[in-house]
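Asks: Input file: structure-v3.txt. Contents: compact mmCIF, C-alpha atoms.
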# COMPACT_ATOMS: atom_id res chain seq x y z
CA MET A 18 2.10 12.72 0.01
CA ALA A 19 0.66 16.08 1.09
CA SER A 20 3.15 18.93 1.63
CA GLU A 21 3.33 20.95 4.85
CA ARG A 22 1.45 23.78 3.15
CA GLN A 23 -1.29 21.42 1.97
CA ILE A 24 -1.62 19.90 5.44
CA GLU A 25 -1.86 23.39 6.98
CA ALA A 26 -4.46 24.40 4.38
CA ASN A 27 -6.46 21.24 5.09
CA ARG A 28 -6.37 22.02 8.82
CA ARG A 29 -7.52 25.59 8.19
CA ASN A 30 -10.36 24.35 5.99
CA ALA A 31 -11.34 21.71 8.53
CA ARG A 32 -11.45 24.33 11.29
CA SER A 33 -13.76 26.52 9.25
CA SER A 34 -15.96 23.58 8.25
CA THR A 35 -19.34 23.58 9.94
CA GLY A 36 -20.34 20.14 8.79
CA PRO A 37 -23.24 19.32 6.51
CA ARG A 38 -25.46 22.29 5.72
CA SER A 39 -28.43 20.89 3.84
CA ALA A 40 -31.22 19.11 5.70
CA SER A 41 -30.58 15.90 3.79
CA GLY A 42 -26.83 16.13 4.53
CA LYS A 43 -27.47 16.61 8.24
CA LYS A 44 -29.93 13.72 8.25
CA ARG A 45 -27.45 11.49 6.42
CA SER A 46 -24.49 12.38 8.64
CA SER A 47 -26.57 11.92 11.82
CA LYS A 48 -26.94 8.29 10.86
CA ASN A 49 -23.28 7.68 10.01
CA ALA A 50 -22.48 5.95 13.28
CA PHE A 51 -25.59 3.81 13.09
CA ARG A 52 -25.04 2.63 9.54
CA HIS A 53 -23.86 -0.73 10.76
CA GLY A 54 -25.52 -0.54 14.17
CA LEU A 55 -22.10 -0.67 15.77
CA SER A 56 -22.09 2.53 17.78
CA ARG A 57 -25.09 1.69 19.88
CA PRO A 58 -24.31 0.99 23.50
CA LEU A 59 -24.44 -2.62 24.57
CA PHE A 60 -27.76 -3.54 26.08
CA GLY A 61 -29.68 -6.60 27.21
CA ALA A 62 -29.24 -8.76 30.27
CA GLU A 63 -27.03 -11.30 28.51
CA LEU A 64 -24.64 -8.66 27.21
CA THR A 65 -24.52 -6.98 30.60
CA ARG A 66 -23.55 -10.30 32.19
CA GLU A 67 -20.95 -10.90 29.49
CA LEU A 68 -19.57 -7.41 30.06
CA GLU A 69 -19.38 -7.86 33.83
CA THR A 70 -17.66 -11.26 33.52
CA LEU A 71 -15.09 -9.85 31.13
CA ALA A 72 -14.51 -6.76 33.32
CA ARG A 73 -13.90 -8.98 36.36
CA GLU A 74 -11.50 -11.13 34.34
CA ILE A 75 -9.59 -7.99 33.38
CA VAL A 76 -9.36 -6.72 36.95
CA GLY A 77 -8.37 -10.12 38.27
CA GLU A 78 -9.64 -12.51 40.86
CA THR A 79 -9.98 -9.84 43.53
CA MET A 80 -12.48 -7.10 42.81
CA GLY A 81 -10.81 -3.74 42.52
CA GLU A 82 -12.03 -0.40 43.74
CA GLN A 83 -14.99 1.22 41.95
CA LEU A 84 -12.93 3.37 39.58
CA VAL A 85 -10.73 0.44 38.54
CA MET A 86 -13.89 -1.56 37.83
CA GLU A 87 -15.21 1.30 35.68
CA PHE A 88 -12.04 1.29 33.56
CA ALA A 89 -12.25 -2.50 33.29
CA ARG A 90 -15.89 -2.22 32.14
CA ALA A 91 -14.88 0.35 29.51
CA ALA A 92 -12.11 -1.98 28.27
CA ALA A 93 -14.53 -4.92 28.25
CA GLU A 94 -17.16 -2.96 26.34
CA ALA A 95 -14.61 -1.97 23.69
CA GLU A 96 -13.44 -5.58 23.53
CA LEU A 97 -16.99 -6.81 22.91
CA ASP A 98 -17.46 -4.08 20.29
CA LEU A 99 -14.34 -5.30 18.53
CA ALA A 100 -15.68 -8.85 18.49
CA ARG A 101 -19.01 -7.61 17.12
CA ILE A 102 -17.37 -5.55 14.36
CA ARG A 103 -15.27 -8.55 13.34
CA GLN A 104 -18.39 -10.71 13.13
CA VAL A 105 -20.07 -8.09 10.95
CA LYS A 106 -17.04 -8.07 8.63
CA ILE A 107 -17.21 -11.84 8.21
CA GLY A 108 -20.99 -11.68 7.75
CA LEU A 109 -20.67 -9.12 4.97
CA ILE A 110 -18.11 -11.16 3.07
CA GLU A 111 -20.12 -14.38 3.45
CA ARG A 112 -23.29 -12.64 2.27
CA LEU A 113 -21.50 -11.28 -0.76
CA ALA A 114 -20.06 -14.73 -1.47
CA ALA A 115 -23.61 -16.12 -1.44
CA PHE A 116 -25.47 -13.39 -3.32
CA GLY A 117 -22.85 -11.32 -5.11
CA VAL A 118 -24.44 -8.08 -3.84
CA LEU A 119 -25.51 -6.65 -0.48
CA ASP A 120 -28.64 -4.91 -1.62
CA ALA A 121 -31.59 -7.29 -2.14
CA GLN A 122 -32.98 -4.95 -4.76
CA GLU A 123 -29.91 -5.50 -6.89
CA ILE A 124 -30.73 -9.22 -6.94
CA LEU A 125 -34.49 -9.00 -7.28
CA GLY A 126 -34.66 -5.90 -9.49
CA SER A 127 -36.96 -2.91 -9.08
CA PRO A 128 -40.12 -3.22 -6.92
CA ALA A 129 -42.19 -3.29 -10.15
CA ASN A 130 -40.13 -6.20 -11.44
CA GLN A 131 -40.54 -8.01 -8.13
CA VAL A 132 -44.34 -7.64 -8.27
CA ALA A 133 -44.34 -8.83 -11.88
CA ARG A 134 -42.28 -11.87 -10.95
CA ILE A 135 -44.55 -12.76 -8.01
CA LYS A 136 -47.63 -12.45 -10.26
CA ARG A 137 -45.99 -14.58 -12.91
CA THR A 138 -45.07 -17.22 -10.32
CA ARG A 139 -48.63 -17.35 -8.97
CA LEU A 140 -50.26 -17.52 -12.37
CA ASP A 141 -47.98 -20.14 -13.74
CA ALA A 142 -47.32 -22.92 -11.25
CA THR A 143 -44.65 -24.39 -13.48
CA VAL A 144 -42.43 -21.32 -13.05
CA GLU A 145 -39.98 -22.09 -10.30
CA MET A 146 -38.92 -19.42 -7.82
CA GLU A 147 -35.58 -18.13 -8.89
CA CYS A 148 -32.79 -18.74 -6.44
CA PRO A 149 -30.81 -15.56 -5.86
CA VAL A 150 -27.62 -17.57 -5.51
CA ASP A 151 -25.62 -17.69 -8.75
CA ARG A 152 -27.97 -15.27 -10.45
CA LEU A 153 -24.96 -13.09 -11.02
CA PRO A 154 -22.87 -14.67 -13.75
CA SER A 155 -19.91 -12.55 -12.74
CA MET A 156 -19.46 -14.46 -9.45
CA PRO A 157 -16.85 -17.22 -9.92
CA ALA A 158 -17.89 -20.82 -9.34
CA GLY A 159 -14.92 -22.00 -7.24
CA LYS A 160 -15.30 -21.55 -3.47
CA LEU A 161 -11.97 -19.79 -2.95
CA GLU A 162 -12.33 -17.58 -6.01
CA ARG A 163 -15.83 -16.70 -4.87
CA THR A 164 -14.57 -15.66 -1.45
CA VAL A 165 -11.86 -13.50 -3.01
CA GLU A 166 -14.41 -11.83 -5.28
CA ALA A 167 -16.78 -11.35 -2.32
CA LEU A 168 -14.01 -9.75 -0.28
CA ARG A 169 -13.11 -7.53 -3.23
CA ARG A 170 -16.71 -6.37 -3.54
CA ALA A 171 -16.93 -5.85 0.23
CA LEU A 172 -13.83 -3.60 0.33
CA PRO A 173 -15.68 -0.23 0.51
CA GLU A 174 -17.89 -1.49 3.36
CA LEU A 175 -14.94 -3.15 5.08
CA ALA A 176 -13.01 0.13 4.95
CA ARG A 177 -15.84 1.81 6.88
CA LEU A 178 -15.92 -1.05 9.40
CA VAL A 179 -12.17 -0.79 9.88
CA ARG A 180 -12.71 2.81 11.02
CA TYR A 181 -15.17 1.61 13.71
CA GLU A 182 -12.76 -1.16 14.62
CA THR A 183 -9.86 1.28 14.99
CA ARG A 184 -11.96 3.52 17.24
CA ALA A 185 -13.04 0.56 19.41
CA ALA A 186 -9.40 -0.58 19.69
CA ALA A 187 -8.36 2.96 20.69
CA ARG A 188 -11.08 3.02 23.38
CA ARG A 189 -9.84 -0.31 24.72
CA ASP A 190 -6.23 0.94 24.74
CA ARG A 191 -7.22 4.10 26.62
CA ALA A 192 -9.25 2.13 29.18
CA THR A 193 -6.39 -0.36 29.63
CA ARG A 194 -3.87 2.46 30.17
CA ALA A 195 -6.17 4.16 32.70
CA LEU A 196 -6.76 0.83 34.42
CA MET A 197 -3.04 0.14 34.77
CA THR A 198 -2.28 3.64 36.03
CA ARG A 199 -5.14 3.54 38.54
CA SER A 200 -4.15 0.07 39.79
CA GLU A 201 -0.61 1.33 40.31
CA GLU A 202 -1.82 4.39 42.22
CA SER A 203 -4.04 2.21 44.41
CA LEU A 204 -1.04 0.05 45.23
CA VAL A 205 1.11 3.05 46.13
CA HIS A 206 -1.64 4.51 48.34
CA ALA A 207 -2.23 1.15 49.98
CA VAL A 208 1.36 1.05 51.37
CA PRO A 209 2.72 4.55 52.00
CA PRO A 210 6.50 4.73 51.59
CA SER A 211 6.89 6.28 55.06
CA GLU A 212 5.62 3.07 56.60
CA SER A 213 7.67 0.74 54.49
CA SER A 214 11.03 2.51 54.35
CA PRO A 215 13.13 2.77 57.53
CA HIS A 216 15.27 5.51 55.87
CA SER A 217 12.38 7.96 55.93
CA VAL A 218 12.05 7.69 59.69
CA THR A 219 14.00 10.46 61.43
CA MET B 17 -14.27 -15.14 13.25
CA LEU B 18 -13.14 -17.01 10.18
CA LEU B 19 -14.56 -17.22 6.69
CA VAL B 20 -16.08 -20.56 5.70
CA THR B 21 -13.25 -21.10 3.24
CA GLU B 22 -10.59 -20.52 5.90
CA SER B 23 -9.06 -23.35 7.87
CA ALA B 24 -9.82 -23.34 11.60
CA VAL B 25 -6.96 -25.81 12.10
CA GLU B 26 -4.47 -23.43 10.47
CA PHE B 27 -5.77 -20.50 12.49
CA ASP B 28 -5.50 -22.47 15.74
CA LYS B 29 -1.93 -23.44 14.81
CA LEU B 30 -0.96 -19.81 14.19
CA ARG B 31 -2.70 -18.70 17.40
CA ASP B 32 -1.09 -21.43 19.51
CA GLU B 33 2.37 -20.58 18.16
CA LEU B 34 1.87 -16.89 18.92
CA LEU B 35 0.54 -17.57 22.42
CA GLN B 36 3.51 -19.85 22.99
CA ASP B 37 5.88 -17.04 21.98
CA ILE B 38 4.09 -14.28 23.91
CA GLN B 39 3.27 -16.38 27.02
CA PRO B 40 0.49 -14.00 28.12
CA GLN B 41 0.05 -13.44 31.85
CA GLY B 42 -3.37 -12.31 33.01
CA ALA B 43 -6.53 -11.31 31.18
CA ILE B 44 -5.24 -8.07 29.63
CA GLU B 45 -2.18 -9.70 28.10
CA ARG B 46 -4.30 -12.64 26.93
CA GLN B 47 -6.78 -10.29 25.22
CA TYR B 48 -4.01 -8.47 23.41
CA ALA B 49 -2.27 -11.72 22.47
CA GLU B 50 -5.55 -13.08 21.01
CA ASP B 51 -5.92 -9.80 19.18
CA ILE B 52 -2.44 -10.09 17.73
CA ALA B 53 -3.29 -13.61 16.48
CA TYR B 54 -6.47 -12.32 14.83
CA LEU B 55 -4.68 -9.36 13.25
CA THR B 56 -1.86 -11.58 11.97
CA TRP B 57 -4.51 -13.78 10.34
CA GLU B 58 -6.19 -10.73 8.88
CA VAL B 59 -2.93 -9.44 7.40
CA ARG B 60 -2.51 -12.86 5.80
CA ARG B 61 -6.09 -12.73 4.53
CA TYR B 62 -5.51 -9.37 2.84
CA ARG B 63 -2.26 -10.60 1.27
CA GLU B 64 -3.95 -13.71 -0.11
CA THR B 65 -6.88 -11.64 -1.31
CA LYS B 66 -4.57 -9.31 -3.22
CA ALA B 67 -2.99 -12.30 -5.00
CA GLY B 68 -6.47 -13.69 -5.69
CA ILE B 69 -7.72 -10.37 -7.07
CA ILE B 70 -4.77 -10.20 -9.49
CA ASN B 71 -5.26 -13.84 -10.52
CA ALA B 72 -8.95 -13.27 -11.16
CA ALA B 73 -8.17 -10.26 -13.35
CA LEU B 74 -5.61 -12.07 -15.52
CA LEU B 75 -8.18 -13.22 -18.08
CA SER B 76 -9.61 -9.73 -18.60
CA ALA B 77 -6.08 -8.33 -18.68
CA LEU B 78 -4.99 -10.78 -21.35
CA LYS B 79 -8.12 -10.13 -23.41
CA GLY B 80 -7.40 -6.41 -23.28
CA ILE B 81 -3.79 -6.90 -24.40
CA LEU B 82 -4.78 -9.31 -27.18
CA ASP B 83 -7.34 -6.84 -28.46
CA GLN B 84 -4.45 -4.44 -28.92
CA VAL B 85 -1.85 -6.79 -30.35
CA LEU B 86 -4.01 -8.90 -32.65
CA PRO B 87 -4.17 -7.66 -36.24
CA THR B 88 -7.35 -5.63 -36.64
CA ILE B 89 -8.65 -7.87 -39.41
CA ARG B 90 -9.06 -10.74 -36.93
CA PRO B 91 -12.44 -11.02 -35.22
CA LEU B 92 -12.58 -10.00 -31.54
CA ALA B 93 -13.81 -13.49 -30.66
CA LYS B 94 -10.31 -14.72 -31.50
CA ALA B 95 -8.92 -12.65 -28.60
CA ASP B 96 -11.44 -14.28 -26.25
CA ASP B 97 -10.59 -17.81 -27.41
CA LEU B 98 -6.86 -17.21 -27.18
CA ALA B 99 -7.13 -15.60 -23.75
CA ARG B 100 -9.12 -18.54 -22.39
CA GLY B 101 -6.80 -21.02 -24.09
CA TRP B 102 -3.72 -19.40 -22.53
CA PHE B 103 -4.65 -20.93 -19.16
CA ASP B 104 -5.07 -24.57 -20.24
CA ASP B 105 -4.09 -25.04 -23.89
CA LYS B 106 -0.38 -25.25 -24.69
CA LYS B 107 -0.92 -24.39 -28.35
CA ALA B 108 -2.94 -21.29 -27.52
CA LYS B 109 -0.37 -20.27 -24.90
CA ALA B 110 2.45 -20.57 -27.45
CA GLU B 111 0.47 -18.44 -29.90
CA VAL B 112 -0.17 -15.81 -27.25
CA MET B 113 3.52 -15.72 -26.28
CA LYS B 114 4.51 -15.32 -29.93
CA LEU B 115 2.04 -12.48 -30.36
CA LEU B 116 3.31 -10.77 -27.23
CA GLN B 117 6.94 -11.17 -28.31
CA THR B 118 6.28 -9.53 -31.67
CA HIS B 119 5.38 -6.42 -29.67
CA GLY B 120 8.31 -6.73 -27.27
CA LEU B 121 6.07 -7.97 -24.43
CA ASP B 122 6.12 -11.01 -22.17
CA GLU B 123 3.98 -12.58 -19.40
CA SER B 124 4.77 -9.74 -17.00
CA ALA B 125 2.70 -7.44 -19.22
CA ILE B 126 -0.39 -9.52 -18.36
CA ALA B 127 0.25 -9.26 -14.61
CA ALA B 128 0.90 -5.53 -14.97
CA GLU B 129 -2.38 -5.03 -16.84
CA ALA B 130 -4.25 -7.12 -14.23
CA PHE B 131 -2.76 -4.89 -11.52
CA ARG B 132 -3.76 -1.77 -13.45
CA LEU B 133 -7.34 -3.05 -13.78
CA ARG B 134 -7.60 -3.75 -10.05
CA ALA B 135 -5.32 -1.02 -8.70
CA GLU B 136 -8.10 0.57 -6.64
CA ASP B 137 -8.98 -2.72 -4.92
CA ILE B 138 -5.32 -3.53 -4.28
CA GLU B 139 -4.82 -0.07 -2.79
CA ARG B 140 -7.81 -0.58 -0.45
CA CYS B 141 -6.43 -3.98 0.60
CA ASN B 142 -3.03 -2.36 1.22
CA ARG B 143 -4.56 0.32 3.41
CA MET B 144 -6.48 -2.21 5.52
CA GLU B 145 -3.44 -4.46 5.75
CA ALA B 146 -1.42 -1.46 6.99
CA VAL B 147 -4.06 -0.69 9.64
CA ALA B 148 -4.02 -4.31 10.84
CA GLU B 149 -0.19 -4.31 10.90
CA ALA B 150 -0.11 -1.07 12.91
CA ARG B 151 -2.62 -2.41 15.43
CA ARG B 152 -0.67 -5.64 15.75
CA GLU B 153 2.45 -3.60 16.56
CA LYS B 154 0.50 -1.53 19.06
CA GLY B 155 -0.80 -4.71 20.71
CA LEU B 156 2.75 -5.92 21.19
CA ARG B 157 3.74 -2.54 22.64
CA VAL B 158 0.80 -2.64 25.09
CA ILE B 159 1.87 -6.11 26.28
CA GLY B 160 5.40 -4.73 26.71
CA LYS B 161 4.09 -1.79 28.76
CA VAL B 162 1.89 -4.03 30.92
CA ARG B 163 4.91 -6.22 31.64
CA LYS B 164 7.11 -3.21 32.35
CA LYS B 165 4.57 -1.86 34.83
CA LEU B 166 4.19 -5.30 36.37
CA ALA B 167 7.96 -5.64 36.62
CA ALA B 168 8.18 -2.19 38.24
CA ARG B 169 5.50 -3.15 40.74
CA LEU B 170 7.19 -6.44 41.55
CA ARG B 171 10.53 -4.62 41.92
CA GLN B 172 8.91 -2.04 44.20
CA GLY B 173 7.42 -4.84 46.29
CA SER B 174 10.67 -6.76 46.58
CA ASP B 175 12.59 -3.52 47.35
CA ARG B 176 10.19 -2.86 50.20
CA LEU B 177 10.88 -6.32 51.55
CA LEU B 178 14.63 -5.70 51.33
CA GLU B 179 14.34 -2.31 53.00
CA LYS B 180 12.38 -3.66 55.99
CA PRO B 181 14.43 -3.69 59.21
CA GLU B 182 15.85 -7.11 59.82
CA ALA B 183 13.64 -9.20 61.99
CA ALA B 184 15.00 -10.00 65.43
CA PRO B 185 16.79 -13.32 65.47
CA LEU B 186 14.64 -16.10 66.78
CA VAL B 187 17.47 -17.36 69.00
CA PRO B 188 19.19 -14.60 71.05
CA GLU B 189 22.95 -14.46 70.57
CA ALA B 190 24.90 -15.97 73.47
CA GLY B 191 26.11 -13.36 75.96
CA GLY B 192 24.36 -10.65 74.05
CA SER B 193 22.42 -9.36 77.04
CA ASP B 194 23.12 -8.68 80.70
Now that the file is in, can you turn its structure into structure tokens?

Replies:
Amino acid sequence: MASERQIEANRRNARSSTGPRSASGKKRSSKNAFRHGLSRPLFGAELTRELETLAREIVGETMGEQLVMEFARAAAEAELDLARIRQVKIGLIERLAAFGVLDAQEILGSPANQVARIKRTRLDATVEMECPVDRLPSMPAGKLERTVEALRRALPELARLVRYETRAAARRDRATRALMTRSEESLVHAVPPSESSPHSVT
Amino acid sequence: MLLVTESAVEFDKLRDELLQDIQPQGAIERQYAEDIAYLTWEVRRYRETKAGIINAALLSALKGILDQVLPTIRPLAKADDLARGWFDDKKAKAEVMKLLQTHGLDESAIAAEAFRLRAEDIERCNRMEAVAEARREKGLRVIGKVRKKLAARLRQGSDRLLEKPEAAPLVPEAGGSD
């Protein structure tokens, strides 16, 4: 565990950090959020409908005021993001269970090798197209063992996805808190205490 | 959001039990309750994965140990055969145990070596499990807060009703007016 001094030093260093300096570093970091396509805003008519339905569910049967609806939409958007990230996680693991790797090039080899294989396949009709599944001898044969190995191989990618997931969950929590506070305020303003309490009347 | 090897029936059972315990009221509570079910499943998934990772590394771990404990004059292939045999051949297992004992080792040395080989993966699993656990706790806290606020609102509402001046009796009291 880092000592107080180390933590303070890290903070100082972080404050003085100006981010990536080289052109390639800047280019790479600018795409960080898009690596999995998870930071893009929701779009498309179907998603908008889904978002609106969920927001209305959150607010309740009766439509709330505009600001309450905005908080509900923010919570709904984060909720849909969470669902999407979880689907991506499952997709990654399943793909690794099927192919052993995520990068097609790792299965098919270099582009030169791919061209050579296609040529060979065309010239010799008896050569069957190789199935990428099970090409990696290191993948276990049993279904469960294969899933465990796939999850193990997916761990670095999953760790990145967990960061997106945590951020989406934090957005949903913030929106939910704001929604609850705003709903409470609306309720208080709707019935002023002076009207409801006889003790306040002089 | 389950893996093909995971049981939907088991997940539904876990989810139903949790929903039964939490008894969510309204969409927000339901969302968080569903989330808690998912996160509980995920924690379980990471735990099972850790056990699976260690199990899968046992063969390599045993091979590594046998390479060290076998007399150097023996061919390396012998270590491979013995390591494979340890899982399903009683004779090979007995030989392995004897070899381990001569060096003051036992079966726990194999598990320890498997852990050492996969320590980085186990650590990653632990970190993700901890994140899921923390979010599950937070979900429960949010439900608690929502209920507290709801309870406060209900209390406020009922207090207002209590504080309202008593309604005039429907039937005037006898002799009450001139």

Asks: Write out as a list in words which residues come within 7 Å of range 99-114 of chain B when counting only C-alpha atoms, dropping same-chain ones fewer than 5 positions away.

Replies: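 Near range 99-114 of chain B, the qualifying residues are Leu75, Leu78, Lys79 and Asp122 of chain B.
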
Asks: Since we have the selection now, will you write its residues out, keeping C-alpha atoms, as a PDB file, keeping the file's coordinate frame?

Replies:
ATOM      1  CA  LEU B  75      -8.180 -13.220 -18.080  1.00  0.00           C
ATOM      2  CA  LEU B  78      -4.990 -10.780 -21.350  1.00  0.00           C
ATOM      3  CA  LYS B  79      -8.120 -10.130 -23.410  1.00  0.00           C
ATOM      4  CA  ASP B 122       6.120 -11.010 -22.170  1.00  0.00           C
TER       5      ASP B 122
END

Asks: For Glu201 in chain A, which residue out of A:Ala93, A:Glu182, A:Val85, A:Ile75 is the nearest one, using all atoms listed in the file?

Replies: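 Smallest separation from Glu201 in chain A among the options: A:Val85.
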
Asks: If you measure from CA of Arg170 in chain A to CA of Lys66 in chain B, what distance in Å do you get, rounded to one decimal?

Replies: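 Those two atoms sit 12.5 Å apart.
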
Asks: Find the residues around Arg132 in chain B up to 12 Å (only C-alpha atoms counted), leave out those fewer than 3 positions away in its own chain, and share them as a PyMOL selection string.

Replies: chain B and resi 69-70+73-74+76-77+80+125-129+135-139

Asks: Find the residue from A:Glu74, A:Asp120, A:Glu87, A:Glu63 that sits nearest to chain B; use all atoms listed in the file when measuring.

Replies: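 Using all atoms listed in the file, the shortest distance to chain B belongs to A:Glu74.
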
Asks: Have a look at B:Asp28, B:Glu153, B:Asp51, B:Glu123 and name the one nearest to chain A; count all atoms listed in the file.

Replies: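 So, comparing all the options, the nearest one is B:Asp51.
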
Asks: Can you work out which one of B:Asp83, B:Glu64, B:Trp57, B:Asp32 has the shortest atom-to-atom distance to chain A, counting all atoms listed in the file?

Replies: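 With all atoms listed in the file as the atom set, the closest residue is B:Glu64.
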
Asks: Take range 141-161 of chain B, model N, CA and C atoms, and hand the result over as a tab-separated table (two decimals), in the coordinates of the input.

Replies:
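Output file rebuild_5.tsv follows:
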chain	number	residue	atom	x	y	z
B	141	CYS	N	-6.96	-2.84	-0.18
B	141	CYS	CA	-6.43	-3.98	0.60
B	141	CYS	C	-5.17	-3.55	1.33
B	142	ASN	N	-4.29	-2.82	0.62
B	142	ASN	CA	-3.03	-2.36	1.22
B	142	ASN	C	-3.29	-1.49	2.44
B	143	ARG	N	-4.27	-0.59	2.30
B	143	ARG	CA	-4.56	0.32	3.41
B	143	ARG	C	-5.05	-0.47	4.63
B	144	MET	N	-5.95	-1.44	4.39
B	144	MET	CA	-6.48	-2.21	5.52
B	144	MET	C	-5.42	-3.12	6.13
B	145	GLU	N	-4.56	-3.62	5.26
B	145	GLU	CA	-3.44	-4.46	5.75
B	145	GLU	C	-2.53	-3.61	6.65
B	146	ALA	N	-2.29	-2.36	6.21
B	146	ALA	CA	-1.42	-1.46	6.99
B	146	ALA	C	-2.04	-1.15	8.35
B	147	VAL	N	-3.37	-0.97	8.37
B	147	VAL	CA	-4.06	-0.69	9.64
B	147	VAL	C	-3.91	-1.89	10.58
B	148	ALA	N	-4.13	-3.09	10.03
B	148	ALA	CA	-4.02	-4.31	10.84
B	148	ALA	C	-2.59	-4.47	11.37
B	149	GLU	N	-1.60	-4.20	10.50
B	149	GLU	CA	-0.19	-4.31	10.90
B	149	GLU	C	0.11	-3.34	12.05
B	150	ALA	N	-0.38	-2.10	11.89
B	150	ALA	CA	-0.11	-1.07	12.91
B	150	ALA	C	-0.74	-1.47	14.24
B	151	ARG	N	-1.95	-2.03	14.19
B	151	ARG	CA	-2.62	-2.41	15.43
B	151	ARG	C	-1.94	-3.61	16.08
B	152	ARG	N	-1.41	-4.48	15.24
B	152	ARG	CA	-0.67	-5.64	15.75
B	152	ARG	C	0.57	-5.16	16.52
B	153	GLU	N	1.27	-4.19	15.91
B	153	GLU	CA	2.45	-3.60	16.56
B	153	GLU	C	2.07	-2.96	17.89
B	154	LYS	N	0.95	-2.22	17.86
B	154	LYS	CA	0.50	-1.53	19.06
B	154	LYS	C	0.17	-2.54	20.16
B	155	GLY	N	-0.48	-3.65	19.76
B	155	GLY	CA	-0.80	-4.71	20.71
B	155	GLY	C	0.44	-5.22	21.41
B	156	LEU	N	1.49	-5.43	20.62
B	156	LEU	CA	2.75	-5.92	21.19
B	156	LEU	C	3.34	-4.88	22.15
B	157	ARG	N	3.22	-3.61	21.77
B	157	ARG	CA	3.74	-2.54	22.64
B	157	ARG	C	2.97	-2.50	23.96
B	158	VAL	N	1.62	-2.67	23.87
B	158	VAL	CA	0.80	-2.64	25.09
B	158	VAL	C	1.24	-3.78	26.02
B	159	ILE	N	1.43	-4.98	25.45
B	159	ILE	CA	1.87	-6.11	26.28
B	159	ILE	C	3.20	-5.76	26.95
B	160	GLY	N	4.10	-5.14	26.17
B	160	GLY	CA	5.40	-4.73	26.71
B	160	GLY	C	5.23	-3.77	27.88
B	161	LYS	N	4.31	-2.79	27.70
B	161	LYS	CA	4.09	-1.79	28.76
B	161	LYS	C	3.51	-2.44	30.01
